[in-house]
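data_32.txt follows (compact mmCIF, C-alpha atoms):
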# COMPACT_ATOMS: atom_id res chain seq x y z
CA MET A 964 129.82 92.51 120.59
CA HIS A 965 130.38 89.31 122.55
CA HIS A 966 130.50 89.65 126.33
CA LEU A 967 131.80 87.12 128.82
CA VAL A 968 130.57 87.50 132.40
CA ALA A 969 133.33 86.03 134.56
CA PRO A 970 132.19 85.05 138.07
CA LYS A 971 134.62 85.48 140.97
CA ALA A 972 134.36 85.05 144.74
CA HIS A 973 136.34 88.11 145.89
CA ASP A 974 136.63 91.69 144.69
CA GLU A 975 140.40 91.45 144.42
CA GLY A 976 140.39 87.81 143.25
CA GLU A 977 140.78 86.14 139.89
CA SER A 978 137.96 84.35 138.07
CA THR A 979 138.83 80.65 137.91
CA ALA A 980 136.07 80.09 135.35
CA LEU A 981 137.60 82.81 133.15
CA ALA A 982 141.07 81.27 133.48
CA ILE A 983 139.70 77.89 132.36
CA ALA A 984 137.73 79.44 129.49
CA ALA A 985 140.87 81.32 128.39
CA GLY A 986 142.54 77.95 127.85
CA VAL A 987 140.08 76.94 125.16
CA ILE A 988 138.59 80.10 123.64
CA GLU A 989 140.01 83.39 122.41
CA VAL A 990 138.94 85.61 125.29
CA ALA A 991 140.88 88.62 123.95
CA ALA A 992 138.13 89.12 121.38
CA LYS A 993 135.42 89.30 124.10
CA ASN A 994 134.42 92.09 126.43
CA ILE A 995 135.09 90.66 129.91
CA LEU A 996 132.71 91.71 132.69
CA THR A 997 133.82 90.30 136.03
CA HIS A 998 131.11 89.96 138.64
CA ARG A 999 131.50 89.04 142.30
CA PHE A 1000 129.29 86.31 143.79
CA PRO A 1001 129.93 85.91 147.55
CA MET A 1002 130.63 82.34 148.70
CA LYS A 1003 127.60 81.62 150.88
CA HIS A 1004 125.55 78.55 151.60
CA VAL A 1005 122.23 78.31 149.81
CA ARG A 1006 119.51 76.16 151.30
CA ARG A 1007 116.61 75.83 148.93
CA ALA A 1008 113.98 75.76 151.63
CA GLN A 1009 115.26 78.94 153.27
CA GLU A 1010 115.36 82.56 152.21
CA VAL A 1011 118.49 83.44 150.27
CA ASP A 1012 121.14 85.66 151.87
CA GLY A 1013 120.50 89.25 150.79
CA GLU A 1014 124.02 89.93 149.54
CA LEU A 1015 123.90 86.82 147.38
CA ALA A 1016 120.42 87.56 145.99
CA SER A 1017 121.63 91.07 145.11
CA ALA A 1018 124.68 89.65 143.33
CA TRP A 1019 122.45 87.40 141.20
CA GLU A 1020 120.08 90.22 140.37
CA GLU A 1021 122.87 92.67 139.52
CA ALA A 1022 124.45 90.09 137.22
CA ALA A 1023 121.10 89.44 135.55
CA ARG A 1024 120.46 93.17 135.02
CA ALA A 1025 123.95 93.70 133.57
CA ILE A 1026 123.41 90.75 131.22
CA ILE A 1027 119.93 91.86 130.14
CA GLN A 1028 121.27 95.33 129.32
CA ARG A 1029 123.61 93.74 126.74
CA LEU A 1030 121.02 91.26 125.48
CA ASP A 1031 118.50 94.07 124.97
CA ALA A 1032 121.14 95.79 122.82
CA GLY A 1033 121.18 92.70 120.60
CA GLU A 1034 124.55 91.49 121.88
CA ASP A 1035 125.61 88.02 123.07
CA VAL A 1036 126.57 87.17 126.62
CA ALA A 1037 128.29 83.98 127.85
CA PHE A 1038 128.58 82.97 131.49
CA PRO A 1039 131.30 80.34 132.10
CA THR A 1040 130.97 77.99 135.07
CA LEU A 1041 133.28 75.50 136.73
CA GLY A 1042 132.30 71.95 135.87
CA ASP A 1043 128.75 71.30 134.68
CA PRO A 1044 126.37 74.26 135.03
CA ALA A 1045 123.59 72.01 136.39
CA ILE A 1046 125.65 70.79 139.37
CA TYR A 1047 125.64 73.34 142.23
CA SER A 1048 126.64 76.17 139.93
CA THR A 1049 126.09 79.91 140.09
CA GLY A 1050 125.05 79.70 136.44
CA PHE A 1051 121.57 78.41 137.21
CA TYR A 1052 120.96 81.04 139.90
CA VAL A 1053 121.77 83.69 137.32
CA TYR A 1054 119.47 81.84 134.91
CA GLU A 1055 116.65 82.09 137.46
CA ALA A 1056 117.47 85.75 138.09
CA LEU A 1057 117.27 86.46 134.35
CA ALA A 1058 113.71 85.16 134.29
CA ALA A 1059 112.84 87.01 137.51
CA CYS A 1060 114.15 90.23 135.95
CA GLY A 1061 111.90 89.77 132.96
CA TRP A 1062 114.18 88.23 130.33
CA ALA A 1063 112.03 86.01 128.11
CA GLY A 1064 114.51 85.49 125.27
CA ARG A 1065 116.74 82.57 124.52
CA VAL A 1066 119.15 81.12 127.07
CA GLU A 1067 121.23 78.16 125.98
CA VAL A 1068 122.79 75.99 128.67
CA ILE A 1069 125.93 74.21 127.45
CA PRO A 1070 126.75 71.10 129.49
CA GLY A 1071 130.25 70.42 130.74
CA VAL A 1072 132.36 67.82 132.50
CA SER A 1073 131.13 67.80 136.10
CA SER A 1074 133.41 67.49 139.12
CA VAL A 1075 131.43 64.30 139.84
CA GLY A 1076 132.52 62.68 136.56
CA ALA A 1077 136.01 64.17 136.74
CA SER A 1078 136.56 62.87 140.30
CA ALA A 1079 135.28 59.43 139.32
CA ALA A 1080 137.70 59.37 136.37
CA SER A 1081 140.62 60.44 138.59
CA ALA A 1082 139.75 57.73 141.10
CA ASN A 1083 139.20 55.13 138.33
CA MET A 1084 135.84 54.45 140.00
CA PRO A 1085 132.63 53.99 138.00
CA LEU A 1086 129.60 55.99 139.18
CA CYS A 1087 126.99 53.56 137.86
CA LEU A 1088 127.32 50.10 136.37
CA GLY A 1089 124.41 47.89 135.28
CA ASP A 1090 121.39 48.65 137.43
CA GLU A 1091 123.16 50.68 140.11
CA ARG A 1092 121.78 53.82 141.72
CA LEU A 1093 123.90 56.91 142.31
CA VAL A 1094 123.23 59.76 144.71
CA VAL A 1095 124.98 63.14 144.70
CA LEU A 1096 124.54 65.11 147.91
CA PRO A 1097 126.16 67.82 150.05
CA ALA A 1098 128.14 66.31 152.92
CA THR A 1099 126.56 68.87 155.22
CA PHE A 1100 123.34 66.85 155.68
CA GLU A 1101 122.51 65.23 159.00
CA ASP A 1102 123.99 61.77 159.64
CA GLU A 1103 120.60 60.05 159.73
CA LYS A 1104 119.55 61.39 156.35
CA ILE A 1105 122.86 60.37 154.83
CA ALA A 1106 122.74 56.90 156.37
CA SER A 1107 119.19 56.39 155.15
CA LEU A 1108 120.11 57.39 151.59
CA LEU A 1109 123.21 55.19 151.62
CA GLN A 1110 121.02 52.18 152.36
CA GLN A 1111 119.17 52.70 149.09
CA VAL A 1112 121.96 53.46 146.66
CA ASP A 1113 125.11 51.79 145.38
CA VAL A 1114 127.33 54.83 144.98
CA ALA A 1115 127.32 58.17 146.80
CA VAL A 1116 129.20 61.30 145.86
CA PHE A 1117 129.62 63.80 148.70
CA MET A 1118 130.17 67.41 147.67
CA LYS A 1119 131.39 70.24 149.91
CA VAL A 1120 133.12 67.74 152.15
CA TYR A 1121 136.14 69.86 153.12
CA ARG A 1122 134.78 71.24 156.39
CA VAL A 1123 132.89 68.19 157.61
CA LEU A 1124 135.27 65.37 156.67
CA PRO A 1125 135.86 64.16 160.28
CA ARG A 1126 132.11 63.71 160.77
CA ILE A 1127 131.66 61.91 157.43
CA VAL A 1128 134.64 59.63 158.09
CA GLU A 1129 133.15 58.69 161.46
CA LEU A 1130 129.75 58.04 159.89
CA LEU A 1131 131.18 55.89 157.07
CA GLU A 1132 133.28 53.96 159.59
CA SER A 1133 130.21 53.24 161.70
CA LEU A 1134 128.46 51.98 158.56
CA GLY A 1135 131.45 49.83 157.57
CA MET A 1136 131.91 51.80 154.35
CA LEU A 1137 135.10 53.78 154.96
CA GLU A 1138 137.24 51.29 153.02
CA ASN A 1139 134.95 51.93 150.04
CA ALA A 1140 135.63 55.67 149.97
CA VAL A 1141 138.05 57.70 147.87
CA LEU A 1142 138.69 61.42 148.33
CA VAL A 1143 139.63 63.56 145.33
CA GLU A 1144 140.78 67.17 145.85
CA ARG A 1145 141.03 69.78 143.05
CA THR A 1146 140.14 67.32 140.30
CA SER A 1147 141.32 68.46 136.85
CA CYS A 1148 142.99 71.53 138.38
CA GLY A 1149 146.54 70.35 137.74
CA ASN A 1150 147.36 70.02 141.44
CA GLU A 1151 144.96 67.17 142.21
CA ARG A 1152 145.43 64.95 145.27
CA ILE A 1153 143.77 61.56 145.86
CA TRP A 1154 143.38 59.62 149.11
CA HIS A 1155 142.43 55.95 148.86
CA ASP A 1156 142.72 55.83 152.66
CA VAL A 1157 140.51 58.77 153.60
CA ARG A 1158 141.71 58.75 157.24
CA ALA A 1159 145.03 60.12 155.99
CA ALA A 1160 143.26 63.25 154.73
CA LEU A 1161 141.89 64.17 158.16
CA SER A 1162 145.05 66.05 159.07
CA GLU A 1163 145.13 67.92 155.75
CA ASP A 1164 143.90 71.41 154.99
CA LEU A 1165 141.51 70.50 152.18
CA HIS A 1166 140.46 72.78 149.34
CA TYR A 1167 136.81 73.63 148.76
CA PHE A 1168 137.04 71.53 145.56
CA SER A 1169 137.03 68.19 147.39
CA THR A 1170 134.77 65.32 146.46
CA LEU A 1171 134.31 62.06 148.33
CA LEU A 1172 133.19 58.99 146.38
CA VAL A 1173 131.76 55.96 148.15
CA ARG A 1174 131.08 52.76 146.21
CA LYS A 1175 129.47 49.89 148.11
CA ASN A 1176 130.57 47.22 145.66
CA ARG A 1177 134.12 47.81 144.54
CA PRO A 1178 134.61 46.37 141.04
CA MET B 212 151.06 52.88 116.73
CA HIS B 213 147.87 54.36 118.21
CA HIS B 214 144.83 52.10 118.26
CA LEU B 215 141.23 53.09 118.78
CA VAL B 216 138.85 50.33 119.92
CA ALA B 217 135.44 51.37 118.65
CA PRO B 218 132.54 49.66 120.46
CA LYS B 219 129.43 48.76 118.48
CA ALA B 220 126.22 46.90 119.27
CA HIS B 221 125.81 44.88 116.06
CA ASP B 222 128.18 43.08 113.73
CA GLU B 223 126.90 44.99 110.73
CA GLY B 224 126.38 48.24 112.64
CA GLU B 225 128.33 51.45 112.91
CA SER B 226 130.10 52.57 116.08
CA THR B 227 128.36 55.71 117.37
CA ALA B 228 131.27 56.37 119.73
CA LEU B 229 133.68 56.25 116.77
CA ALA B 230 131.48 58.63 114.76
CA ILE B 231 131.50 61.12 117.65
CA ALA B 232 135.26 60.76 118.18
CA ALA B 233 135.80 61.32 114.46
CA GLY B 234 134.22 64.74 114.87
CA VAL B 235 136.95 65.93 117.22
CA ILE B 236 140.08 63.87 116.57
CA GLU B 237 141.96 62.76 113.47
CA VAL B 238 140.90 59.12 113.38
CA ALA B 239 142.54 58.49 110.00
CA ALA B 240 145.91 58.38 111.77
CA LYS B 241 144.72 55.65 114.16
CA ASN B 242 144.33 51.92 113.66
CA ILE B 243 140.60 51.31 114.20
CA LEU B 244 139.61 48.02 115.84
CA THR B 245 135.82 47.68 116.04
CA HIS B 246 134.53 45.35 118.71
CA ARG B 247 130.96 44.16 119.24
CA PHE B 248 129.39 44.39 122.70
CA PRO B 249 125.87 42.88 122.72
CA MET B 250 123.14 45.12 124.20
CA LYS B 251 122.18 43.18 127.30
CA HIS B 252 121.04 44.13 130.77
CA VAL B 253 123.65 43.90 133.49
CA ARG B 254 122.51 43.48 137.07
CA ARG B 255 125.43 43.83 139.43
CA ALA B 256 124.11 41.29 141.91
CA GLN B 257 123.61 38.63 139.24
CA GLU B 258 125.95 36.64 137.07
CA VAL B 259 126.79 38.37 133.82
CA ASP B 260 125.43 37.01 130.56
CA GLY B 261 128.07 34.73 129.01
CA GLU B 262 128.08 36.38 125.58
CA LEU B 263 128.63 39.79 127.20
CA ALA B 264 131.37 38.56 129.56
CA SER B 265 133.12 37.01 126.54
CA ALA B 266 132.87 40.29 124.65
CA TRP B 267 134.52 42.18 127.54
CA GLU B 268 137.28 39.59 127.87
CA GLU B 269 137.97 39.44 124.13
CA ALA B 270 138.20 43.23 124.02
CA ALA B 271 140.56 43.23 127.01
CA ARG B 272 142.79 40.56 125.43
CA ALA B 273 142.93 42.44 122.12
CA ILE B 274 143.85 45.64 123.97
CA ILE B 275 146.49 43.98 126.15
CA GLN B 276 148.13 42.48 123.05
CA ARG B 277 148.76 46.03 121.75
CA LEU B 278 149.71 47.43 125.15
CA ASP B 279 152.24 44.63 125.64
CA ALA B 280 153.77 45.68 122.32
CA GLY B 281 154.31 49.16 123.80
CA GLU B 282 151.49 50.71 121.77
CA ASP B 283 148.66 53.00 122.92
CA VAL B 284 144.99 52.08 122.90
CA ALA B 285 142.03 54.43 123.34
CA PHE B 286 138.45 53.28 123.99
CA PRO B 287 135.84 55.97 123.24
CA THR B 288 132.51 55.89 125.08
CA LEU B 289 129.23 57.74 124.68
CA GLY B 290 128.84 60.38 127.38
CA ASP B 291 130.85 60.03 130.57
CA PRO B 292 132.68 56.69 130.94
CA ALA B 293 131.64 56.39 134.61
CA ILE B 294 127.89 56.50 133.85
CA TYR B 295 126.59 53.08 132.71
CA SER B 296 129.32 52.73 130.12
CA THR B 297 130.97 49.70 128.52
CA GLY B 298 134.28 51.44 129.18
CA PHE B 299 134.38 50.48 132.85
CA TYR B 300 133.48 46.84 132.14
CA VAL B 301 136.43 46.69 129.77
CA TYR B 302 138.51 48.39 132.48
CA GLU B 303 137.55 45.63 134.93
CA ALA B 304 138.25 42.98 132.28
CA LEU B 305 141.72 44.45 131.71
CA ALA B 306 142.55 43.93 135.37
CA ALA B 307 140.97 40.46 135.37
CA CYS B 308 143.12 39.54 132.35
CA GLY B 309 146.25 40.58 134.22
CA TRP B 310 146.94 44.09 132.92
CA ALA B 311 148.64 46.02 135.74
CA GLY B 312 149.87 48.98 133.71
CA ARG B 313 148.44 52.43 133.41
CA VAL B 314 144.82 53.09 132.42
CA GLU B 315 143.71 56.70 132.25
CA VAL B 316 139.99 57.44 132.39
CA ILE B 317 139.09 60.70 130.65
CA PRO B 318 135.80 62.17 131.88
CA GLY B 319 133.19 63.43 129.45
CA VAL B 320 129.87 65.22 129.29
CA SER B 321 127.32 62.75 130.66
CA SER B 322 123.85 62.28 129.22
CA VAL B 323 122.64 63.35 132.67
CA GLY B 324 124.27 66.78 132.37
CA ALA B 325 123.47 67.06 128.67
CA SER B 326 119.77 66.28 129.25
CA ALA B 327 119.61 68.78 132.12
CA ALA B 328 121.13 71.44 129.87
CA SER B 329 118.67 70.66 127.07
CA ALA B 330 115.77 70.89 129.50
CA ASN B 331 117.20 74.05 131.15
CA MET B 332 116.76 72.22 134.44
CA PRO B 333 119.40 72.30 137.20
CA LEU B 334 120.37 68.95 138.71
CA CYS B 335 121.42 70.32 142.10
CA LEU B 336 121.09 73.79 143.60
CA GLY B 337 122.15 74.76 147.11
CA ASP B 338 121.79 71.76 149.40
CA GLU B 339 119.76 69.56 147.06
CA ARG B 340 120.24 65.84 146.61
CA LEU B 341 120.28 64.17 143.21
CA VAL B 342 119.71 60.52 142.40
CA VAL B 343 120.49 58.79 139.10
CA LEU B 344 118.81 55.42 138.68
CA PRO B 345 117.59 52.98 136.04
CA ALA B 346 113.84 53.32 135.48
CA THR B 347 113.58 49.55 135.59
CA PHE B 348 113.54 49.41 139.41
CA GLU B 349 110.42 48.41 141.29
CA ASP B 350 107.89 51.15 142.04
CA GLU B 351 108.34 50.93 145.80
CA LYS B 352 112.11 51.40 145.63
CA ILE B 353 111.72 54.35 143.29
CA ALA B 354 109.02 55.96 145.44
CA SER B 355 111.12 55.50 148.57
CA LEU B 356 114.16 57.14 146.94
CA LEU B 357 112.07 60.00 145.56
CA GLN B 358 111.00 60.85 149.11
CA GLN B 359 114.61 61.50 150.08
CA VAL B 360 115.93 63.45 147.11
CA ASP B 361 115.14 66.68 145.30
CA VAL B 362 115.92 65.63 141.75
CA ALA B 363 115.81 62.22 140.08
CA VAL B 364 117.21 61.26 136.71
CA PHE B 365 115.74 58.09 135.26
CA MET B 366 117.91 56.27 132.73
CA LYS B 367 116.80 53.49 130.36
CA VAL B 368 113.25 54.78 130.50
CA TYR B 369 112.23 53.98 126.92
CA ARG B 370 110.59 50.62 127.57
CA VAL B 371 109.01 51.37 130.93
CA LEU B 372 107.71 54.91 130.41
CA PRO B 373 103.99 54.05 130.93
CA ARG B 374 104.77 52.55 134.33
CA ILE B 375 106.96 55.49 135.39
CA VAL B 376 104.35 58.02 134.23
CA GLU B 377 101.71 56.21 136.28
CA LEU B 378 104.00 56.13 139.33
CA LEU B 379 104.91 59.82 139.07
CA GLU B 380 101.25 60.71 138.61
CA SER B 381 100.30 58.79 141.75
CA LEU B 382 103.03 60.70 143.62
CA GLY B 383 101.85 64.04 142.23
CA MET B 384 105.19 64.58 140.46
CA LEU B 385 104.33 64.16 136.78
CA GLU B 386 104.12 67.92 136.21
CA ASN B 387 107.70 68.14 137.49
CA ALA B 388 109.07 65.76 134.86
CA VAL B 389 110.77 66.46 131.54
CA LEU B 390 111.72 63.79 129.01
CA VAL B 391 114.75 64.29 126.77
CA GLU B 392 115.41 61.90 123.89
CA ARG B 393 118.73 61.64 122.01
CA THR B 394 120.31 64.57 123.82
CA SER B 395 123.22 66.13 121.91
CA CYS B 396 122.64 63.77 118.97
CA GLY B 397 121.36 66.45 116.62
CA ASN B 398 117.84 65.02 116.46
CA GLU B 399 116.89 65.63 120.10
CA ARG B 400 113.24 65.75 121.21
CA ILE B 401 111.95 67.18 124.50
CA TRP B 402 108.58 66.64 126.18
CA HIS B 403 107.60 69.01 128.97
CA ASP B 404 104.29 67.12 129.12
CA VAL B 405 105.56 63.56 129.42
CA ARG B 406 102.09 62.08 128.77
CA ALA B 407 102.49 63.18 125.15
CA ALA B 408 105.49 60.86 124.78
CA LEU B 409 103.54 57.75 125.72
CA SER B 410 102.40 57.21 122.14
CA GLU B 411 105.91 57.71 120.74
CA ASP B 412 108.46 55.10 119.76
CA LEU B 413 111.29 56.30 122.00
CA HIS B 414 114.98 55.78 121.38
CA TYR B 415 117.18 53.95 123.90
CA PHE B 416 118.86 57.33 124.56
CA SER B 417 115.93 58.72 126.57
CA THR B 418 116.35 60.37 129.95
CA LEU B 419 113.59 61.49 132.30
CA LEU B 420 114.34 64.33 134.72
CA VAL B 421 112.12 64.94 137.74
CA ARG B 422 112.64 68.02 139.88
CA LYS B 423 110.47 68.38 142.99
CA ASN B 424 110.98 72.13 143.33
CA ARG B 425 110.83 73.80 139.96
CA PRO B 426 112.96 76.95 140.03
Give the structure from the file, written as structure tokens.
Amino acid sequence: MHHLVAPKAHDEGESTALAIAAGVIEVAAKNILTHRFPMKHVRRAQEVDGELASAWEEAARAIIQRLDAGEDVAFPTLGDPAIYSTGFYVYEALAACGWAGRVEVIPGVSSVGASAASANMPLCLGDERLVVLPATFEDEKIASLLQQVDVAVFMKVYRVLPRIVELLESLGMLENAVLVERTSCGNERIWHDVRAALSEDLHYFSTLLVRKNRP
Amino acid sequence: MHHLVAPKAHDEGESTALAIAAGVIEVAAKNILTHRFPMKHVRRAQEVDGELASAWEEAARAIIQRLDAGEDVAFPTLGDPAIYSTGFYVYEALAACGWAGRVEVIPGVSSVGASAASANMPLCLGDERLVVLPATFEDEKIASLLQQVDVAVFMKVYRVLPRIVELLESLGMLENAVLVERTSCGNERIWHDVRAALSEDLHYFSTLLVRKNRP
């Protein structure tokens, strides 16, 4: 028996990861287990929200039950599993719950690479340095990092865009920014003038690319 | 007519990108144009090596000739085209040679994501910051960046590994490093103790991952 654990954000919601997987694999032949992971911020230095930690552990226990029965379990993620994905939290929870067997991580196209492709903007050329960071960091930390890299990719920018636009403007870098919303989702939008996006209601899947030296 | 421009490093060599593409698309139906791009370092702040600049321009002119005839041209790359790939240099050369028509960049699985998957190591969790940089930078610049990020991915590490190992050891981070060679190439090697790789003859496709907080 092959199981597919489909993550979703709401009890009544659909699993976007499952919908994407259904476009490329025959999901009808799998046993689909949907599992809800609440959308909450995780800060690595702080204790994890209890509801979220429970969701990871419950998923891990449900998976281990099938693995112990000799069955296979797949856990689809959006983008690359190593980039801010629930997949690796479940991976950690599997170990914490005692699973010592094989786990294979299959890499994917990240939203970072997909946004760069949509914007026709390289992430690294030659000897350039790239940083990927959540836009929620303090201005000073962001400004300090921007001094040392050539390209920055801001994730989770949808709620803090006004602050980031102001910061980039003060650093003289706003003209070097491109905003990509819902990359690869079929209803993508791109702003080469990021100011124009300030009045928009942006989706959670919004990525801001800043390249100091435009090719 | 559909053309496929297959990049290769040596006149007498094979195109690795073509070999990979041949595994997923029907290349027999395409007209294959191989084009040699010399393996040379590119530093964005410095003038480009003449032989390399000529290679980009010749490729661009050959491509534009077909595009002007109303034909399609694809240019496969290894990994994601936005990550240190010849693809974006050719893209720039196309514009420099006057091509104003459509160019679509198709994102791929980067060696960064593929190496992280092989090493079962997340690149970013929660609010973590990731940097991708060439290992050839000076020690001070690397050390300064490492202070401000949670995960670092060193590219082009094969020739400078002894220096990087020494630097990471002095920073107390060597235990947090994993080296992945030839990820996804079928003959991948992984070192969780990077010291053991110092005596090895490493391939150009070698990526060093350093995670400050091991999950």
Inset, instruction - Could you give me, as a ChimeraX atom specification, the residues within 6 Å of stretch 1029-1043 of chain A, counting all atoms listed in the file and dropping anything in the same chain fewer than 4 positions from it? - result: /A:964-968,980,1070-1074
Inset, instruction - Name all residues at most 7 Å from B:Gly337 (count all atoms listed in the file; drop same-chain ones fewer than 5 positions away) and give them as number ranges by chain. - result: A: 1004-1007, 1047
Inset, instruction - Quick one: everything within 9 Å of A:Val1095, counting only C-alpha atoms, minus sequence neighbours fewer than 5 positions away in the same chain. Send it as a PyMOL selection string. - result: (chain A and resi 1075+1114-1118) or (chain B and resi 335+339-343)
Legend entry - Length of the atom CA of B:Ala270 to atom CA of B:Ala304 vector [Å]: 8.3 Å
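We find atom CA of B:Gly397 and atom CA of A:Ile1069 to be spaced 14.1 Å apart.
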Inset, instruction - Could you check how far atom CA of A:Arg1122 sits from atom CA of B:Arg422, in Å to one decimal? - result: 27.8 Å
Legend entry - Nearest to B:Arg406, chosen from B:Glu351, B:Glu392, B:Glu377, B:Asp338, with only C-alpha atoms counted in the distances: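 So, comparing all the options, the nearest one is B:Glu377.
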Inset, instruction - For A:Val1128, list every protein, DNA or RNA residue within 12 Å, evaluated using all atoms listed in the file, and leave out those in the same chain fewer than 5 positions away; present the list as number ranges by chain. - result: A: 1098, 1102, 1117, 1120-1123, 1133-1142, 1156-1161, 1171-1173
Inset, instruction - Have a look at A:Met1002, A:Leu996, A:Ala972, A:Ala1045 and name the one nearest to chain B; count only C-alpha atoms. - result: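 Smallest separation from chain B among the options: A:Ala1045.
Considering only C-alpha atoms, the residue among A:Gly1013, A:Pro970, A:Ser1147, A:Ala982 positioned nearest to A:Phe1000 is A:Pro970.
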Inset, instruction - Select, from A:Ala1082, A:Leu1131, A:Ile1027, A:Leu1108, the residue with the minimum atom-to-atom distance to A:His1155, counting only C-alpha atoms. - result: A:Ala1082
Inset, instruction - Go through B:Val259, B:Val360, B:Cys308, B:Val301 and flag the residue nearest A:Leu1096, using all atoms listed in the file for the distances. - result: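 Under the stated criterion, the closest residue is B:Val360.
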